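**Q** One structure follows; several queries about it will come next.
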Amino acid sequence: MKLLIVSALSGAGKSTALDTLEDCGYYCIDNLPVTLLEDFIGHVMLADEKIYEKTAIGIDARNKNESLSNFSDSLAFIRSKGINCEIIFLHAEEATLLKRYSETRRRHPLTSANIPLKDALRLEKAMLEPIARHANVVIDTSKTHYHQLRELIRSQVDERDFKHISLQFQSFGFKNGVPLDADFVFDARSLPNPYWIPELRALTGKDQPVIDFLKNQALVTEFFQDITGFFDRWIPRFDAEGRSYLTVAIGCTGGQHRSVYLADSLSERFKSTPLLNVIVRHRELN
């Protein structure tokens with residue numbers, strides 16, 4: 001049996017994630033109190049394994065703080081029952097969440113006459129920390145719109161029944177900030193930059209002239225080989241440790257040329273590796 005627990009800061013995309021999982025065949029339940037989690041597992045999920053073979057449960061800060069602090073005990077109980085349980089945690093930068101609430105005019109569940117929105121966001125982050133620290137995958141949705149998040153969730157759960165690690169390569173531009181959900185960050189800004197060649201400036205790392213230019217640069221080849229050598233050596237160890245998700249971010253100045261080419265090249269290189277579900281994402285191109 002497979003159980004996904006989806007938690008998120010309010011406004012970070014939990015509803016979108018659960019809707020996507022429902023489309024992927026998961027039985028989804030939103031805002032289940034943590035105090036009822038063990039009862040649900042023991043008396044509902046295990047009582048009808050066919051219906052609840054793939055289940056996703058949303059848990060957020062509408063739970064009482066004391067019940068969230070006991071989440072580790074509930075997680076241990078779930079895994080003691082032989083259930084394959086993974087946790088997805090969504091978050092976003094404070095400025096992004098404030099902007100989303102301003103645009104939608106929705107009320108944050110923790111706001112009150114004495115707690116303004118900014119304070120509620122910080123309180124919520126502290127309350128959900130017991131779940132976030134157990135997360136198998138953390139997704140920063142600050143620069144992700146609705147359709148991108150749906151595709152990212154689909155990619156994360158796709159083929160996970162028979163592949164060990166979901167390996168995501170993400171290109172980005174340092175001028176827009178480092179992705180907060182990256183496990184490894186590689187800086188490609190020291191490599192030759194197609195931006196300074198007038199006929200290549202308006203293109204991206206997906207265009208053949210840029211690909212040809214970067215393929216012929218010895219430093220780019222050396223950089224690529226160093227990264228592949230590192231992960232060839234360490235992915236089996238991450239797998240043995242039980243890691244399910246790994247996000248590798250490749251950054252250049254604007255996230256248009258070098259990082260895009262390298263993320264695509266690395267994804268192609270590792271797609272042939274057994275037991276890896278490889279995903280590629282280009283933050284700035286989207």
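Letters A, B, ... go to the chains of the structure tokens in the order shown; residues in each chain start at 1; ligands are counted from 1 in the same order.
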Please, which residues of stretch 51-90 of chain A, numbered as in this document, come out strand (DSSP E) from DSSP, as a ChimeraX atom specification?
**A** /A:54-59,84-90
**Q** As a PyMOL selection string, please: all residues of stretch 48-115 of chain A that backbone DSSP puts in helix (DSSP H, G or I).
**A** chain A and resi 65-69+71-80+94-104
**Q** Which residue gives the smallest distance to A:Gly205 among A:Arg189, A:Arg133, A:Lys50, A:His282, with only C-alpha atoms counted?
**A**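 Comparing A:Arg189, A:Arg133, A:Lys50, A:His282 against A:Gly205, the winner is A:His282.
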**Q** Leaving out A:Phe223 and any residue of its chain fewer than 5 positions from it, which residues lie within 12 Å of it when counting only C-alpha atoms, given as a ChimeraX atom specification?
**A** /A:186-192,214-215,217-218,228-230,250,258-259,262-263,265-266
**Q** Can you tell me which residues surround A:Leu21 at a distance of at most 10 Å, considering only C-alpha atoms, apart from same-chain residues fewer than 5 positions away, and format the answer as a list in words?
**A**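 Those residues are Leu4, Val6, Ser15, Thr16, Tyr26, Tyr27, Cys28, Lys54, Thr55, Ala56, Arg150, Ile153, Arg154 and Val157 of chain A.
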**Q** Select, from A:Leu203, A:Ala61, A:Leu68, A:Leu75, the residue with the minimum atom-to-atom distance to A:Ala120, counting only C-alpha atoms.
**A**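 For A:Ala120, the nearest of the candidates is A:Ala61.
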**Q** Give the answer as one residue: which of A:Phe238, A:Leu18, A:Asn114, A:His108 has the shortest atom-to-atom distance to A:Arg62, using only C-alpha atoms?
**A** A:His108
**Q** Need the shell around A:Lys175: protein/DNA/RNA residues with any atom at most 12 Å away, counting only C-alpha atoms. Skip same-chain ones fewer than 2 positions apart. Format as a PyMOL selection string?
**A** chain A and resi 172-173+177-179+189+251-256+284
**Q** Do a neighbour search on A:Leu36 at 10 Å with only C-alpha atoms, toss out local chain neighbours closer than 5 positions, and write the hits as an MDAnalysis selection string.
**A** chainID A and resid 41 67 74
**Q** Create the file for the chosen residues now, containing C-alpha atoms and written as a PDB file, in the first residue's frame.
**A**
```pdb
ATOM      1  CA  ILE A  41      -4.802   3.740   9.090  1.00  0.00           C
ATOM      2  CA  SER A  67      -1.085  17.175  17.706  1.00  0.00           C
ATOM      3  CA  SER A  74       2.098   8.773  14.025  1.00  0.00           C
TER       4      SER A  74
END
```
**Q** Which residue out of A:Ser155, A:Ser69, A:Thr104, A:Gln148 has the minimum interatomic distance to A:Ala132 when only C-alpha atoms are used?
**A**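 Among the listed residues, A:Ser69 lies closest to A:Ala132.
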**Q** Determine, counting only C-alpha atoms, which protein, DNA and RNA residues have an atom within 8 Å of an atom of A:Asp60; residues of the same chain fewer than 3 positions away are not included. Present the result as a list in words.
**A**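 In the requested form, the answer reads Ser7, Ala8, Leu9, Ser10, Asn31, Asn63 and Leu128 of chain A.
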**Q** Which residue, A:Val280, A:Leu246, A:Arg122, A:Gln170, has the smallest gap to A:Leu98 when you use only C-alpha atoms?
**A**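 Smallest distance to A:Leu98 is found for A:Arg122.
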**Q** Which one of A:Phe270, A:Phe77, A:Tyr261, A:Tyr146 sits closest to A:Thr204 if you count only C-alpha atoms?
**A** A:Tyr261
**Q** When you draw a straight line from atom CA of A:Gly58 to atom CA of A:Lys14, how long is it in Å?
**A**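 It comes out at 7.3 Å.
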**Q** Would you work out the distance separating atom CA of A:Ile57 from atom CA of A:Ile165, expressed in Å to one decimal?
**A**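 Separating atom CA of A:Ile57 from atom CA of A:Ile165 is a distance of 21.8 Å.
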